[in-house]
Amino acid sequence: MSNVGLVLALVGAAAAVIFAGIGSAKGVGMVGQASAGALSEDTSLFGKVLILQLLPGTQGLYGFIIAIFVLIRTGLLSGTVAELTWQQGLLYFVACLPIAVCGLLSGIHQGKVAAAGVSLVAKKNDQSGRAITMASLVEFYAILPFLISFLAVFRIG
Amino acid sequence: MKETDYAYAVARIRANESRLLTGAMLEEIVAAPSYDAALKLLSSFGWAQDGETDVSALLRAQNEQLWTLLRESVPDENELPVLTALNDFYNLKAALKCMLTDVDPAPFYVQPTTLDLSAVTDAMQKHAFEKLPQPLADCAKDAYETACRTESGQSADVIIDAAALQCLYRQAEETDCDLLSQMLLFICDSTNIKIAVRCARTKKDLSFTRLAVGPCDKLDRDALCLAAVQGEAALLEYLHATPYRDGAAALKKSTTAFEKWCDDSLVALCREAKYTFFGFEPIAAYYFAKTTEIKAVRIVLCAKQSGVATDIIRERVRALYV
């Protein structure tokens, strides 16, 4: 039972990577399909649609960073595993939830906006700036939970 | 099928939408001084190959491109027959009439169609109606037997047209795509109005009219049939009290004006899909938009070939999607 705290912290880290990763995978996949459609008609759009496809990929990266920090803070990366109480473990777990949940949802929704943006660029290729701006606005709601998770993980003693 | 599964298709369709003719382009073609000048303009808009002079070949190529694009784009080809249902039934009529008159039906078939036309020709010539896909098989047998019994091609037409409308209406009810449903129901209603007008003008009785008029959406089928039997004036009066008041006004001018109103209204419905980025709507809207464009170009080119005055062509030209 002495490892309960560590287990909870690792479940939190896993959730951050898994759920944010699923959000990104779905988002990037959706934009990838739209990009393939646009490129099949005009290959010169590659640079523009690539940026749009990259945008939903950041959620997975944020989840990955939070998980790495949890591993560092719990000493799993250095090999000196910290003794965590179950309360501390629970705190790590809860700290990972914002990026896990919001990463999942914002990744999917950003993917939808970016895929619609690809359709916009396919029709009017001078509109890529606007398409990227619209998709970037969703990013804000991945950055906020990332910051909260990041700060929370660092403040847990 | 999830709406997001159409991301690839919609992106391709949007790219192709940028190549559709605009109203201004069509006006330029209408205003062209000659048929050759109109063809040159079409060529400069990327619609025709340089040196192409055959209208039929030009339109056929556009239809083939449209169908190839849709087949390559949609995640499931089984969704496409809903778009070509009317052409499929039209081809059945052509096959039946050609079989009865011992003529090769190939030149009378229309594209695009999801039917294997050589198989349809073969099945009709061998009277093997069961080899046709449903719902064509049932109505083909019925239409053939009626045509033989009454020795009237018109009776067969009525049976096939009614089956086509029933098929469209059923597909409109079954589809999850709201806009497609609205389009199909509009086609049902507008086709029923055209049938009712023909019945009124040829003074058909109520039983024939009831047989010919298919299921309706915003029209009361019984009231439409009764009005048609009472004559064209009564029919127009009835239509004036329905959501198709504008259509009745167009019909009062001429059948050509009504045909144009039908196409323009369908394109207006299609425009709603401009704001949809997932699902089947943009694909269906593009199909109807492109077929309307092809029809508009055919009208203009045929009129130019026949030396029709520009003002008269302008009256008949359809509104475009872009």
# chains A, B, ... in the order shown; residues from 1 in each chain; ligands from 1
>>> residues_around(residues="A:Leu120", least_positions_apart="3", cutoff="9 Å", atoms="only C-alpha atoms", output="JSON, numbers by chain")
{"A": [115, 116, 117, 123, 124, 125, 127, 128, 131], "B": [11, 14, 15, 277]}
>>> write_last_selection(atoms="C-alpha atoms", output="mmCIF file, in the first residue's frame")
data_model
loop_
_atom_site.group_PDB
_atom_site.id
_atom_site.type_symbol
_atom_site.label_atom_id
_atom_site.label_comp_id
_atom_site.auth_asym_id
_atom_site.auth_seq_id
_atom_site.Cartn_x
_atom_site.Cartn_y
_atom_site.Cartn_z
ATOM 1 C CA ALA A 115 -10.316 20.520 -41.492
ATOM 2 C CA ALA A 116 -12.928 23.146 -42.346
ATOM 3 C CA GLY A 117 -10.006 25.541 -42.811
ATOM 4 C CA LYS A 123 -11.554 26.833 -52.416
ATOM 5 C CA LYS A 124 -9.766 30.155 -51.828
ATOM 6 C CA ASN A 125 -6.049 29.637 -51.369
ATOM 7 C CA GLN A 127 -7.490 32.576 -47.089
ATOM 8 C CA SER A 128 -4.918 30.382 -45.321
ATOM 9 C CA ALA A 131 -8.053 29.544 -41.561
ATOM 10 C CA ALA B 11 -12.058 19.417 -49.318
ATOM 11 C CA ARG B 14 -14.493 22.841 -52.254
ATOM 12 C CA ALA B 15 -11.426 22.864 -54.499
ATOM 13 C CA PHE B 277 -17.874 21.506 -43.891
#
>>> interface_residues(of="chain B", to="chain A", cutoff="12 Å", atoms="only C-alpha atoms", output="count of residues only")
33
>>> atom_distance(atom1="atom CA of B:Ala119", atom2="atom CA of B:Ile159")
21.4 Å
>>> atom_distance(atom1="atom CA of A:Gln59", atom2="atom CA of A:Phe140")
10.7 Å
>>> residues_around(residues="stretch 9-17 of chain A", least_positions_apart="3", cutoff="6 Å", atoms="only C-alpha atoms", output="PyMOL selection string")
chain A and resi 6+20-21+63-64+67+89+92-93+96+100
>>> write_last_selection(atoms="N, CA, C and O atoms", output="compact mmCIF listing (two decimals), in the first residue's frame")
# COMPACT_ATOMS: atom_id res chain seq x y z
N LEU A 6 2.37 6.79 -5.56
CA LEU A 6 3.12 6.74 -6.83
C LEU A 6 2.21 6.24 -7.97
O LEU A 6 2.24 6.77 -9.09
N ALA A 20 -4.93 13.31 -24.06
CA ALA A 20 -4.50 14.42 -24.93
C ALA A 20 -3.99 13.86 -26.26
O ALA A 20 -4.22 14.45 -27.33
N GLY A 21 -3.35 12.70 -26.20
CA GLY A 21 -2.85 12.06 -27.43
C GLY A 21 -3.98 11.62 -28.33
O GLY A 21 -3.91 11.77 -29.56
N GLY A 63 0.28 17.10 -23.26
CA GLY A 63 0.07 15.96 -22.37
C GLY A 63 1.37 15.24 -22.08
O GLY A 63 1.66 14.84 -20.95
N PHE A 64 2.18 15.10 -23.13
CA PHE A 64 3.48 14.44 -23.00
C PHE A 64 4.39 15.21 -22.03
O PHE A 64 5.04 14.63 -21.16
N ALA A 67 3.28 14.78 -18.46
CA ALA A 67 3.63 13.43 -17.98
C ALA A 67 5.13 13.36 -17.65
O ALA A 67 5.52 12.77 -16.63
N GLY A 89 -0.10 11.66 -4.20
CA GLY A 89 -0.37 10.98 -5.47
C GLY A 89 -1.66 11.46 -6.11
O GLY A 89 -1.74 11.71 -7.31
N TYR A 92 -1.19 14.80 -7.73
CA TYR A 92 -0.58 14.70 -9.07
C TYR A 92 -1.64 14.27 -10.10
O TYR A 92 -1.69 14.78 -11.21
N PHE A 93 -2.44 13.30 -9.66
CA PHE A 93 -3.48 12.80 -10.56
C PHE A 93 -4.43 13.93 -10.98
O PHE A 93 -4.72 14.14 -12.17
N CYS A 96 -3.08 16.47 -13.36
CA CYS A 96 -2.99 16.03 -14.77
C CYS A 96 -4.33 16.10 -15.49
O CYS A 96 -4.37 16.07 -16.73
N ALA A 100 -5.53 16.44 -19.61
CA ALA A 100 -6.06 15.18 -20.13
C ALA A 100 -7.44 15.40 -20.76
O ALA A 100 -7.68 15.01 -21.92
>>> select_by_dssp(residues="chain A", states="alpha helix (DSSP H)", output="ChimeraX atom specification")
/A:4-41,46-54,58-73,86-123,128-155
>>> decode(residues="stretch 46-90 of chain A", atoms="N, CA and C atoms", output="mmCIF file, in the first residue's frame")
data_model
loop_
_atom_site.group_PDB
_atom_site.id
_atom_site.type_symbol
_atom_site.label_atom_id
_atom_site.label_comp_id
_atom_site.auth_asym_id
_atom_site.auth_seq_id
_atom_site.Cartn_x
_atom_site.Cartn_y
_atom_site.Cartn_z
ATOM 1 N N PHE A 46 0.359 22.352 -50.276
ATOM 2 C CA PHE A 46 0.946 21.526 -49.217
ATOM 3 C C PHE A 46 1.410 22.348 -47.997
ATOM 4 N N GLY A 47 2.170 23.417 -48.243
ATOM 5 C CA GLY A 47 2.693 24.231 -47.142
ATOM 6 C C GLY A 47 1.588 24.792 -46.267
ATOM 7 N N LYS A 48 0.529 25.260 -46.921
ATOM 8 C CA LYS A 48 -0.572 25.886 -46.173
ATOM 9 C C LYS A 48 -1.348 24.865 -45.348
ATOM 10 N N VAL A 49 -1.647 23.715 -45.954
ATOM 11 C CA VAL A 49 -2.456 22.737 -45.214
ATOM 12 C C VAL A 49 -1.623 22.018 -44.148
ATOM 13 N N LEU A 50 -0.297 21.986 -44.341
ATOM 14 C CA LEU A 50 0.556 21.327 -43.345
ATOM 15 C C LEU A 50 0.479 22.060 -42.001
ATOM 16 N N ILE A 51 0.467 23.388 -42.055
ATOM 17 C CA ILE A 51 0.362 24.167 -40.802
ATOM 18 C C ILE A 51 -0.949 23.844 -40.105
ATOM 19 N N LEU A 52 -2.015 23.783 -40.894
ATOM 20 C CA LEU A 52 -3.327 23.473 -40.312
ATOM 21 C C LEU A 52 -3.339 22.073 -39.711
ATOM 22 N N GLN A 53 -2.630 21.148 -40.365
ATOM 23 C CA GLN A 53 -2.622 19.779 -39.846
ATOM 24 C C GLN A 53 -1.798 19.681 -38.563
ATOM 25 N N LEU A 54 -0.784 20.532 -38.454
ATOM 26 C CA LEU A 54 0.073 20.479 -37.256
ATOM 27 C C LEU A 54 -0.656 20.983 -36.009
ATOM 28 N N LEU A 55 -1.551 21.955 -36.198
ATOM 29 C CA LEU A 55 -2.154 22.621 -35.037
ATOM 30 C C LEU A 55 -2.805 21.676 -34.018
ATOM 31 N N PRO A 56 -3.638 20.709 -34.443
ATOM 32 C CA PRO A 56 -4.253 19.835 -33.414
ATOM 33 C C PRO A 56 -3.251 18.860 -32.792
ATOM 34 N N GLY A 57 -2.027 18.844 -33.282
ATOM 35 C CA GLY A 57 -1.013 17.936 -32.733
ATOM 36 C C GLY A 57 -0.415 18.428 -31.422
ATOM 37 N N THR A 58 -0.632 19.681 -31.102
ATOM 38 C CA THR A 58 0.020 20.253 -29.907
ATOM 39 C C THR A 58 -0.544 19.689 -28.600
ATOM 40 N N GLN A 59 -1.817 19.323 -28.604
ATOM 41 C CA GLN A 59 -2.426 18.810 -27.369
ATOM 42 C C GLN A 59 -1.672 17.564 -26.885
ATOM 43 N N GLY A 60 -1.355 16.695 -27.803
ATOM 44 C CA GLY A 60 -0.611 15.485 -27.443
ATOM 45 C C GLY A 60 0.748 15.837 -26.867
ATOM 46 N N LEU A 61 1.365 16.874 -27.416
ATOM 47 C CA LEU A 61 2.663 17.335 -26.922
ATOM 48 C C LEU A 61 2.538 17.890 -25.497
ATOM 49 N N TYR A 62 1.468 18.661 -25.272
ATOM 50 C CA TYR A 62 1.263 19.219 -23.924
ATOM 51 C C TYR A 62 1.080 18.097 -22.907
ATOM 52 N N GLY A 63 0.284 17.100 -23.262
ATOM 53 C CA GLY A 63 0.068 15.957 -22.366
ATOM 54 C C GLY A 63 1.373 15.237 -22.082
ATOM 55 N N PHE A 64 2.183 15.102 -23.133
ATOM 56 C CA PHE A 64 3.483 14.439 -22.999
ATOM 57 C C PHE A 64 4.392 15.215 -22.034
ATOM 58 N N ILE A 65 4.420 16.553 -22.168
ATOM 59 C CA ILE A 65 5.270 17.387 -21.301
ATOM 60 C C ILE A 65 4.843 17.256 -19.837
ATOM 61 N N ILE A 66 3.526 17.300 -19.617
ATOM 62 C CA ILE A 66 3.037 17.177 -18.235
ATOM 63 C C ILE A 66 3.431 15.813 -17.663
ATOM 64 N N ALA A 67 3.279 14.779 -18.456
ATOM 65 C CA ALA A 67 3.634 13.434 -17.980
ATOM 66 C C ALA A 67 5.127 13.356 -17.650
ATOM 67 N N ILE A 68 5.969 13.966 -18.490
ATOM 68 C CA ILE A 68 7.420 13.967 -18.235
ATOM 69 C C ILE A 68 7.721 14.671 -16.910
ATOM 70 N N PHE A 69 7.028 15.802 -16.684
ATOM 71 C CA PHE A 69 7.270 16.526 -15.440
ATOM 72 C C PHE A 69 6.827 15.731 -14.218
ATOM 73 N N VAL A 70 5.726 14.998 -14.373
ATOM 74 C CA VAL A 70 5.284 14.144 -13.262
ATOM 75 C C VAL A 70 6.359 13.078 -12.982
ATOM 76 N N LEU A 71 6.910 12.508 -14.055
ATOM 77 C CA LEU A 71 7.949 11.484 -13.887
ATOM 78 C C LEU A 71 9.197 12.082 -13.226
ATOM 79 N N ILE A 72 9.540 13.327 -13.594
ATOM 80 C CA ILE A 72 10.714 13.988 -12.990
ATOM 81 C C ILE A 72 10.454 14.259 -11.515
ATOM 82 N N ARG A 73 9.243 14.815 -11.239
ATOM 83 C CA ARG A 73 8.937 15.199 -9.853
ATOM 84 C C ARG A 73 8.830 13.978 -8.934
ATOM 85 N N THR A 74 8.411 12.865 -9.481
ATOM 86 C CA THR A 74 8.292 11.662 -8.641
ATOM 87 C C THR A 74 9.605 10.874 -8.615
ATOM 88 N N GLY A 75 10.602 11.372 -9.338
ATOM 89 C CA GLY A 75 11.924 10.750 -9.311
ATOM 90 C C GLY A 75 12.046 9.511 -10.173
ATOM 91 N N LEU A 76 11.041 9.219 -10.981
ATOM 92 C CA LEU A 76 11.097 7.996 -11.794
ATOM 93 C C LEU A 76 12.143 8.090 -12.908
ATOM 94 N N LEU A 77 12.396 9.299 -13.374
ATOM 95 C CA LEU A 77 13.385 9.434 -14.446
ATOM 96 C C LEU A 77 14.812 9.380 -13.909
ATOM 97 N N SER A 78 15.000 9.938 -12.718
ATOM 98 C CA SER A 78 16.359 9.970 -12.149
ATOM 99 C C SER A 78 16.732 8.641 -11.487
ATOM 100 N N GLY A 79 15.722 7.812 -11.236
ATOM 101 C CA GLY A 79 15.972 6.524 -10.600
ATOM 102 C C GLY A 79 15.791 6.572 -9.096
ATOM 103 N N THR A 80 15.662 7.776 -8.532
ATOM 104 C CA THR A 80 15.434 7.917 -7.083
ATOM 105 C C THR A 80 13.947 8.169 -6.856
ATOM 106 N N VAL A 81 13.211 7.101 -6.681
ATOM 107 C CA VAL A 81 11.755 7.231 -6.590
ATOM 108 C C VAL A 81 11.372 7.846 -5.249
ATOM 109 N N ALA A 82 10.567 8.941 -5.355
ATOM 110 C CA ALA A 82 10.168 9.640 -4.135
ATOM 111 C C ALA A 82 9.102 8.842 -3.396
ATOM 112 N N GLU A 83 9.103 8.997 -2.085
ATOM 113 C CA GLU A 83 8.048 8.384 -1.266
ATOM 114 C C GLU A 83 6.845 9.317 -1.315
ATOM 115 N N LEU A 84 5.760 8.845 -1.898
ATOM 116 C CA LEU A 84 4.578 9.707 -2.002
ATOM 117 C C LEU A 84 3.463 9.153 -1.137
ATOM 118 N N THR A 85 2.792 10.067 -0.405
ATOM 119 C CA THR A 85 1.603 9.639 0.319
ATOM 120 C C THR A 85 0.472 9.527 -0.702
ATOM 121 N N TRP A 86 -0.617 8.871 -0.331
ATOM 122 C CA TRP A 86 -1.717 8.760 -1.301
ATOM 123 C C TRP A 86 -2.327 10.122 -1.607
ATOM 124 N N GLN A 87 -2.241 11.044 -0.594
ATOM 125 C CA GLN A 87 -2.766 12.392 -0.839
ATOM 126 C C GLN A 87 -1.919 13.103 -1.902
ATOM 127 N N GLN A 88 -0.601 12.946 -1.802
ATOM 128 C CA GLN A 88 0.281 13.580 -2.796
ATOM 129 C C GLN A 88 0.044 12.967 -4.196
ATOM 130 N N GLY A 89 -0.105 11.655 -4.197
ATOM 131 C CA GLY A 89 -0.366 10.975 -5.474
ATOM 132 C C GLY A 89 -1.659 11.464 -6.107
ATOM 133 N N LEU A 90 -2.673 11.617 -5.242
ATOM 134 C CA LEU A 90 -3.962 12.102 -5.736
ATOM 135 C C LEU A 90 -3.835 13.520 -6.290
#
